[in-house]
file model.cif (mmCIF, C-alpha atoms)
data_my_file
loop_
_atom_site.label_atom_id
_atom_site.label_comp_id
_atom_site.auth_asym_id
_atom_site.auth_seq_id
_atom_site.Cartn_x
_atom_site.Cartn_y
_atom_site.Cartn_z
CA MET H 1 90.11 107.40 41.20
CA ARG H 2 87.60 106.63 38.45
CA GLN H 3 85.85 104.07 40.57
CA GLY H 4 85.20 106.59 43.32
CA HIS H 5 81.50 106.82 42.55
CA ASP H 6 80.91 103.09 42.89
CA THR H 7 82.89 102.92 46.11
CA GLY H 8 80.87 105.79 47.51
CA LEU H 9 77.62 103.95 46.94
CA THR H 10 78.89 100.79 48.56
CA ARG H 11 80.20 102.73 51.48
CA ARG H 12 76.89 104.50 51.97
CA ALA H 13 75.07 101.20 51.92
CA ALA H 14 77.51 99.74 54.37
CA LEU H 15 77.13 102.71 56.73
CA GLY H 16 73.36 102.46 56.52
CA ALA H 17 73.53 98.81 57.48
CA LEU H 18 75.84 99.64 60.37
CA GLY H 19 73.42 102.28 61.59
CA THR H 20 70.59 99.78 61.64
CA VAL H 21 72.69 97.35 63.63
CA GLY H 22 73.60 100.13 66.06
CA VAL H 23 69.96 101.02 66.66
CA ALA H 24 69.10 97.37 67.20
CA VAL H 25 71.90 96.98 69.71
CA SER H 26 70.97 100.08 71.67
CA LEU H 27 67.31 99.06 71.75
CA GLY H 28 68.30 95.65 73.00
CA GLY H 29 70.39 97.25 75.71
CA VAL H 30 67.48 99.36 76.92
CA VAL H 31 65.19 96.37 77.08
CA THR H 32 67.57 94.21 79.10
CA LEU H 33 68.77 96.96 81.42
CA GLY H 34 65.41 98.53 82.10
CA GLY H 35 66.34 101.92 80.72
CA ALA H 36 69.25 102.65 83.05
CA ALA H 37 72.44 102.58 81.03
CA PRO H 38 75.39 101.81 83.30
CA ALA H 39 78.31 104.18 83.22
CA ALA H 40 80.61 101.31 82.34
CA ALA H 41 78.84 100.68 79.05
CA GLN H 42 80.37 103.74 77.47
CA ALA H 43 83.95 104.85 77.22
CA LEU H 44 84.91 106.60 80.42
CA GLY H 45 87.45 108.98 78.99
CA GLN H 46 85.91 111.34 76.51
CA ASN H 47 87.11 114.60 75.15
CA GLU H 48 84.60 116.90 76.79
CA PRO H 49 84.31 119.82 79.18
CA LEU H 50 84.12 119.16 82.89
CA GLU H 51 80.41 119.92 83.29
CA ALA H 52 79.49 117.46 80.56
CA ALA H 53 81.67 114.79 82.10
CA LEU H 54 80.23 115.23 85.57
CA LYS H 55 76.70 115.22 84.20
CA ARG H 56 77.35 112.09 82.17
CA VAL H 57 78.96 110.13 84.98
CA PHE H 58 77.04 111.35 88.02
CA GLY H 59 73.81 112.55 86.41
CA GLY H 60 73.64 115.74 88.44
CA ARG H 61 73.41 113.98 91.79
CA PRO H 62 74.27 116.19 94.75
CA MET H 63 77.77 115.91 96.19
CA LYS H 64 78.60 116.42 99.80
CA ASP H 65 81.75 118.01 101.09
CA GLY H 66 84.14 115.19 101.85
CA SER H 67 86.87 117.15 103.59
CA GLY H 68 86.33 115.26 106.84
CA MET H 69 86.58 111.83 105.29
CA ILE H 70 88.71 112.01 102.19
CA LYS H 71 92.46 112.43 102.29
CA LEU H 72 93.73 113.58 98.92
CA ASP H 73 97.45 113.27 98.62
CA ILE H 74 98.75 115.30 95.69
CA PRO H 75 101.60 117.81 95.39
CA LEU H 76 100.67 121.50 95.50
CA ILE H 77 103.12 122.24 92.73
CA ALA H 78 103.78 119.68 90.02
CA GLU H 79 106.88 120.53 88.04
CA ASN H 80 106.15 117.95 85.41
CA GLY H 81 102.52 117.57 84.44
CA ALA H 82 103.23 114.32 82.63
CA VAL H 83 103.59 112.40 85.88
CA VAL H 84 101.74 113.60 88.95
CA PRO H 85 101.39 111.13 91.81
CA VAL H 86 98.00 111.16 93.46
CA GLY H 87 96.75 109.14 96.38
CA VAL H 88 93.28 108.98 97.86
CA GLU H 89 92.41 107.52 101.22
CA VAL H 90 88.87 107.46 102.54
CA ASN H 91 88.21 107.21 106.22
CA ALA H 92 85.19 104.94 105.88
CA PRO H 93 84.39 101.39 106.90
CA MET H 94 84.87 98.62 104.35
CA THR H 95 82.24 96.10 105.40
CA PRO H 96 79.81 94.30 103.12
CA GLN H 97 77.02 96.52 104.50
CA SER H 98 78.74 99.82 103.91
CA TYR H 99 81.82 100.36 101.82
CA VAL H 100 83.36 102.70 99.32
CA LYS H 101 82.24 101.57 95.90
CA HIS H 102 84.05 103.92 93.57
CA ILE H 103 86.79 106.48 93.78
CA TYR H 104 86.99 108.89 90.86
CA ILE H 105 89.83 111.23 90.07
CA VAL H 106 88.78 114.23 88.02
CA ALA H 107 91.11 116.91 86.68
CA ASP H 108 88.98 119.92 85.82
CA LYS H 109 90.97 121.39 82.94
CA ASN H 110 92.23 118.24 81.30
CA ARG H 111 90.89 117.56 77.84
CA ILE H 112 89.73 114.25 79.23
CA PRO H 113 88.56 115.32 82.68
CA ILE H 114 87.74 111.90 84.10
CA VAL H 115 91.16 110.47 84.86
CA THR H 116 90.29 107.18 86.45
CA ARG H 117 87.55 105.33 88.23
CA VAL H 118 88.44 102.69 90.78
CA ALA H 119 85.86 100.11 91.75
CA LEU H 120 86.57 98.69 95.18
CA THR H 121 85.16 95.77 97.12
CA PRO H 122 85.03 95.15 100.88
CA ALA H 123 87.93 92.68 100.43
CA SER H 124 90.26 95.65 100.02
CA GLY H 125 90.09 96.25 103.75
CA GLN H 126 90.75 99.94 103.26
CA ALA H 127 89.50 102.51 100.79
CA TYR H 128 92.76 103.55 99.24
CA MET H 129 94.05 104.09 95.73
CA GLY H 130 97.07 105.65 94.16
CA ALA H 131 98.01 106.45 90.58
CA ASN H 132 100.23 108.60 88.46
CA ILE H 133 98.19 110.98 86.37
CA ARG H 134 98.70 113.65 83.73
CA LEU H 135 97.74 117.27 84.16
CA GLY H 136 97.62 119.60 81.17
CA GLU H 137 97.85 122.85 83.10
CA THR H 138 97.27 124.33 86.53
CA THR H 139 93.94 122.92 87.54
CA ASP H 140 91.69 121.77 90.31
CA VAL H 141 91.83 118.06 90.96
CA ARG H 142 88.81 116.41 92.55
CA ALA H 143 88.53 113.15 94.36
CA ILE H 144 84.94 111.97 94.20
CA VAL H 145 83.93 109.05 96.37
CA GLU H 146 80.79 107.03 95.83
CA GLN H 147 79.70 104.90 98.75
CA SER H 148 77.71 101.70 98.49
CA ASP H 149 74.49 103.53 99.46
CA GLY H 150 75.00 106.01 96.61
CA THR H 151 76.26 108.95 98.67
CA LEU H 152 78.73 111.11 96.78
CA LEU H 153 81.53 112.92 98.57
CA ALA H 154 83.93 115.28 96.88
CA LEU H 155 87.15 117.03 97.75
CA THR H 156 88.96 119.52 95.54
CA ARG H 157 92.57 120.59 95.60
CA GLU H 158 94.38 122.95 93.27
CA VAL H 159 97.61 121.80 91.68
CA LYS H 160 99.99 124.25 90.03
CA VAL H 161 101.60 122.75 86.97
CA THR H 162 104.85 124.14 85.63
CA VAL H 163 105.10 122.07 82.44
CA GLY H 164 101.90 120.58 81.07
CA GLY H 165 101.78 116.91 80.34
CA CYS H 166 98.77 116.33 78.18
CA GLY H 167 100.12 117.42 74.83
CA GLY H 168 97.50 117.54 72.07
CA MET R 1 109.67 100.15 73.21
CA SER R 2 110.84 96.69 73.78
CA ASP R 3 109.98 96.65 77.44
CA ILE R 4 106.32 97.29 76.78
CA GLY R 5 104.09 95.23 78.98
CA LYS R 6 106.61 94.56 81.69
CA VAL R 7 104.76 94.54 85.00
CA ARG R 8 106.34 95.24 88.35
CA LEU R 9 104.52 94.50 91.57
CA ARG R 10 105.57 95.43 95.05
CA VAL R 11 104.20 94.20 98.36
CA PRO R 12 105.51 94.86 101.88
CA ALA R 13 108.43 92.64 102.91
CA SER R 14 106.72 91.14 105.93
CA ILE R 15 103.00 90.47 106.04
CA LYS R 16 101.02 89.13 108.95
CA ALA R 17 97.70 87.36 108.57
CA GLY R 18 94.85 89.85 108.60
CA ASP R 19 97.01 92.85 107.73
CA VAL R 20 95.74 95.45 105.34
CA ILE R 21 98.65 95.80 102.95
CA ARG R 22 99.30 98.34 100.25
CA VAL R 23 100.38 96.98 96.92
CA ARG R 24 102.06 99.09 94.29
CA CYS R 25 102.25 98.12 90.68
CA LEU R 26 103.65 99.55 87.51
CA VAL R 27 103.52 98.58 83.88
CA ILE R 28 105.73 99.80 81.07
CA HIS R 29 103.29 101.18 78.55
CA PRO R 30 103.25 104.27 76.29
CA MET R 31 99.64 105.34 77.13
CA GLU R 32 99.32 107.18 73.82
CA ARG R 33 97.94 110.68 74.04
CA ILE R 34 95.45 112.28 71.70
CA GLU R 35 97.30 113.75 68.74
CA ARG R 36 96.16 116.75 66.77
CA ASP R 37 97.08 117.95 63.31
CA LYS R 38 98.16 121.52 62.56
CA ALA R 39 94.57 122.74 62.37
CA GLY R 40 93.94 121.44 65.87
CA LYS R 41 91.73 118.61 64.73
CA ILE R 42 92.02 115.33 66.57
CA ILE R 43 93.68 112.67 64.46
CA ASP R 44 91.27 109.80 64.35
CA LYS R 45 92.99 106.53 65.08
CA LYS R 46 92.84 103.78 67.62
CA TYR R 47 95.02 105.06 70.41
CA GLN R 48 96.81 102.48 72.45
CA TYR R 49 96.29 103.06 76.13
CA ILE R 50 95.34 100.93 79.09
CA ASP R 51 91.65 101.10 79.85
CA THR R 52 91.17 98.44 82.50
CA VAL R 53 93.29 97.19 85.38
CA THR R 54 91.98 94.26 87.36
CA VAL R 55 93.28 93.11 90.72
CA THR R 56 92.56 89.51 91.63
CA TYR R 57 93.37 87.93 94.98
CA LEU R 58 92.54 84.31 95.86
CA GLY R 59 90.54 84.06 92.65
CA LYS R 60 88.31 87.02 93.46
CA THR R 61 88.36 90.42 91.83
CA ILE R 62 88.93 92.95 94.56
CA ALA R 63 89.50 96.16 92.65
CA THR R 64 89.09 97.43 89.11
CA PHE R 65 90.62 100.58 87.70
CA ASP R 66 88.96 102.09 84.65
CA THR R 67 91.55 104.39 83.22
CA THR R 68 91.69 107.01 80.49
CA GLN R 69 94.38 108.79 78.56
CA SER R 70 94.73 111.22 81.45
CA VAL R 71 96.80 108.59 83.23
CA SER R 72 100.54 109.02 82.86
CA GLU R 73 102.91 107.03 80.71
CA ASN R 74 104.18 103.85 82.38
CA PRO R 75 101.20 103.97 84.71
CA PHE R 76 101.59 103.33 88.38
CA PHE R 77 98.74 102.21 90.59
CA ALA R 78 98.44 101.51 94.28
CA PHE R 79 95.68 99.82 96.20
CA ALA R 80 94.97 98.14 99.52
CA VAL R 81 94.32 94.46 100.12
CA LYS R 82 93.31 92.66 103.26
CA ALA R 83 95.69 89.70 103.40
CA THR R 84 93.42 87.00 104.81
CA ASP R 85 95.04 83.88 103.38
CA PRO R 86 98.30 83.09 101.64
CA GLY R 87 97.78 83.00 97.93
CA LYS R 88 98.28 84.62 94.62
CA LEU R 89 97.66 88.27 93.88
CA THR R 90 97.39 89.04 90.19
CA VAL R 91 97.19 92.40 88.49
CA SER R 92 96.25 92.41 84.84
CA PHE R 93 96.33 95.38 82.53
CA HIS R 94 94.21 95.49 79.42
CA ASP R 95 94.71 98.05 76.67
CA THR R 96 92.62 99.32 73.79
CA HIS R 97 94.55 97.23 71.26
CA GLY R 98 93.44 94.08 73.05
CA GLN R 99 96.82 93.41 74.62
CA LYS R 100 96.91 91.98 78.09
CA TYR R 101 99.79 92.31 80.50
CA GLU R 102 99.85 90.41 83.73
CA GLY R 103 101.93 90.31 86.86
CA SER R 104 101.44 88.28 89.97
CA VAL R 105 102.97 87.89 93.38
CA ASP R 106 102.54 85.27 96.08
CA ILE R 107 101.27 86.61 99.37
CA ALA R 108 103.02 84.64 102.10
CA PHE R 109 102.98 85.28 105.84
CA SER R 110 106.11 85.62 107.87
#
call {"tool": "encode", "arguments": {"input": "model.cif", "output": "structure tokens"}}
result
Amino acid sequence: MRQGHDTGLTRRAALGALGTVGVAVSLGGVVTLGGAAPAAAQALGQNEPLEAALKRVFGGRPMKDGSGMIKLDIPLIAENGAVVPVGVEVNAPMTPQSYVKHIYIVADKNRIPIVTRVALTPASGQAYMGANIRLGETTDVRAIVEQSDGTLLALTREVKVTVGGCGG
Amino acid sequence: MSDIGKVRLRVPASIKAGDVIRVRCLVIHPMERIERDKAGKIIDKKYQYIDTVTVTYLGKTIATFDTTQSVSENPFFAFAVKATDPGKLTVSFHDTHGQKYEGSVDIAFS
């Protein structure tokens, strides 16, 4: 590795150039989007604590209790955390004027707390989604519903996990 | 896995015009999890997992799933569709390695 020094210099230069490009791109994004970066522009699943994830995705907006509207279908005890079926049904109209825009599934203690985000359209006819998720340990699972007018509704349910499924 | 990317789609056996139907779909995919070395540091590599699932019906996108590694292996998804006209329903899965897996079913009324 005698050439290590030279390589290091080149690499530094290359990284510097990359950084400049990155700044240019982010500036461009701000200009075109008017300062509001959409949640979709960044990777949804990040290795972060729950509070950081909620703050990043929802920006600290207040959440109402959705127990009257949301039906969260998830087992109370999951023997195998690697595959946990979850279903969410929202008792809300799906018309072009008022519909359920997003359904989020959040597992509080997962290393990647945001499990999935479903974007729905009125053509669905019903606000419903189902998926198989992973749970690392016994945790609260939240279903967070965002309606077309921006209202957030949340429902939390605890799931006991016998064998964790998230590995590293 | 040789079966990787195989998509299975399931719709109710009999559909009437205007019904809201529930469609279930599954794709064979490893959904790689974050790996850590002995010191607990995350191994930095491009993990292969599905990050977008798009549902298209009659040429229109009706639902999009943005998924993370917290979704199980061989992921299963379910969603509702209002069957207004006979036509094709397509579900496409896109993963972080740029692979695309697609499955479609014809919605026909009985």
call {"tool": "closest_residue", "arguments": {"input": "model.cif", "among": "H:Ala52, H:Val115, H:Ala143, H:Val159", "to": "Leu76 (chain H)", "atoms": "all atoms listed in the file"}}
result
H:Val159
call {"tool": "resolve_selection", "arguments": {"input": "model.cif", "expression": "the PyMOL selection byres ((chain H) within 8 of (chain R))", "output": "PyMOL selection string"}}
result
chain H and resi 44-45+82-84+110+112-135+166-168
call {"tool": "resolve_selection", "arguments": {"input": "model.cif", "expression": "the PyMOL selection byres ((chain R and resi 103) around 12)", "output": "PDB file with C-alpha atoms, in the coordinates of the input"}}
result
ATOM      1  CA  GLY R   5     104.090  95.230  78.980  1.00  0.00           C
ATOM      2  CA  LYS R   6     106.610  94.560  81.690  1.00  0.00           C
ATOM      3  CA  VAL R   7     104.760  94.540  85.000  1.00  0.00           C
ATOM      4  CA  ARG R   8     106.340  95.240  88.350  1.00  0.00           C
ATOM      5  CA  LEU R   9     104.520  94.500  91.570  1.00  0.00           C
ATOM      6  CA  ARG R  10     105.570  95.430  95.050  1.00  0.00           C
ATOM      7  CA  ARG R  24     102.060  99.090  94.290  1.00  0.00           C
ATOM      8  CA  CYS R  25     102.250  98.120  90.680  1.00  0.00           C
ATOM      9  CA  LEU R  26     103.650  99.550  87.510  1.00  0.00           C
ATOM     10  CA  VAL R  27     103.520  98.580  83.880  1.00  0.00           C
ATOM     11  CA  ILE R  28     105.730  99.800  81.070  1.00  0.00           C
ATOM     12  CA  VAL R  53      93.290  97.190  85.380  1.00  0.00           C
ATOM     13  CA  THR R  54      91.980  94.260  87.360  1.00  0.00           C
ATOM     14  CA  VAL R  55      93.280  93.110  90.720  1.00  0.00           C
ATOM     15  CA  THR R  56      92.560  89.510  91.630  1.00  0.00           C
ATOM     16  CA  LYS R  88      98.280  84.620  94.620  1.00  0.00           C
ATOM     17  CA  LEU R  89      97.660  88.270  93.880  1.00  0.00           C
ATOM     18  CA  THR R  90      97.390  89.040  90.190  1.00  0.00           C
ATOM     19  CA  VAL R  91      97.190  92.400  88.490  1.00  0.00           C
ATOM     20  CA  SER R  92      96.250  92.410  84.840  1.00  0.00           C
ATOM     21  CA  PHE R  93      96.330  95.380  82.530  1.00  0.00           C
ATOM     22  CA  HIS R  94      94.210  95.490  79.420  1.00  0.00           C
ATOM     23  CA  LYS R 100      96.910  91.980  78.090  1.00  0.00           C
ATOM     24  CA  TYR R 101      99.790  92.310  80.500  1.00  0.00           C
ATOM     25  CA  GLU R 102      99.850  90.410  83.730  1.00  0.00           C
ATOM     26  CA  SER R 104     101.440  88.280  89.970  1.00  0.00           C
ATOM     27  CA  VAL R 105     102.970  87.890  93.380  1.00  0.00           C
ATOM     28  CA  ASP R 106     102.540  85.270  96.080  1.00  0.00           C
TER      29      ASP R 106
END
call {"tool": "residues_around", "arguments": {"input": "model.cif", "residues": "Ala53 (chain H)", "least_positions_apart": "4", "cutoff": "12 Å", "atoms": "all atoms listed in the file", "output": "number ranges by chain"}}
result
H: 39, 43-49, 57-60, 104-115
call {"tool": "residues_around", "arguments": {"input": "model.cif", "residues": "Ala108 (chain R)", "least_positions_apart": "2", "cutoff": "7 Å", "atoms": "all atoms listed in the file", "output": "VMD selection string"}}
result
chain R and resid 86 to 87 106 110
call {"tool": "atom_distance", "arguments": {"input": "model.cif", "atom1": "CA of Ile103 (chain H)", "atom2": "CA of Tyr47 (chain R)"}}
result
24.8 Å
call {"tool": "atom_distance", "arguments": {"input": "model.cif", "atom1": "CA of Gly164 (chain H)", "atom2": "CA of Thr138 (chain H)"}}
result
8.1 Å
call {"tool": "closest_residue", "arguments": {"input": "model.cif", "among": "R:Ile50, R:Ile15, R:Ala39, R:Met31", "to": "Gln99 (chain R)", "atoms": "only C-alpha atoms"}}
result
R:Ile50
call {"tool": "closest_residue", "arguments": {"input": "model.cif", "among": "H:Met94, H:Leu72, H:Leu54, H:Ile144", "to": "Glu158 (chain H)", "atoms": "all atoms listed in the file"}}
result
H:Leu72
call {"tool": "atom_distance", "arguments": {"input": "model.cif", "atom1": "CA of Val90 (chain H)", "atom2": "CA of Leu153 (chain H)"}}
result
10.0 Å
call {"tool": "residues_around", "arguments": {"input": "model.cif", "residues": "Val161 (chain H)", "least_positions_apart": "4", "cutoff": "8 Å", "atoms": "only C-alpha atoms", "output": "PyMOL selection string"}}
result
chain H and resi 77-81+135-139
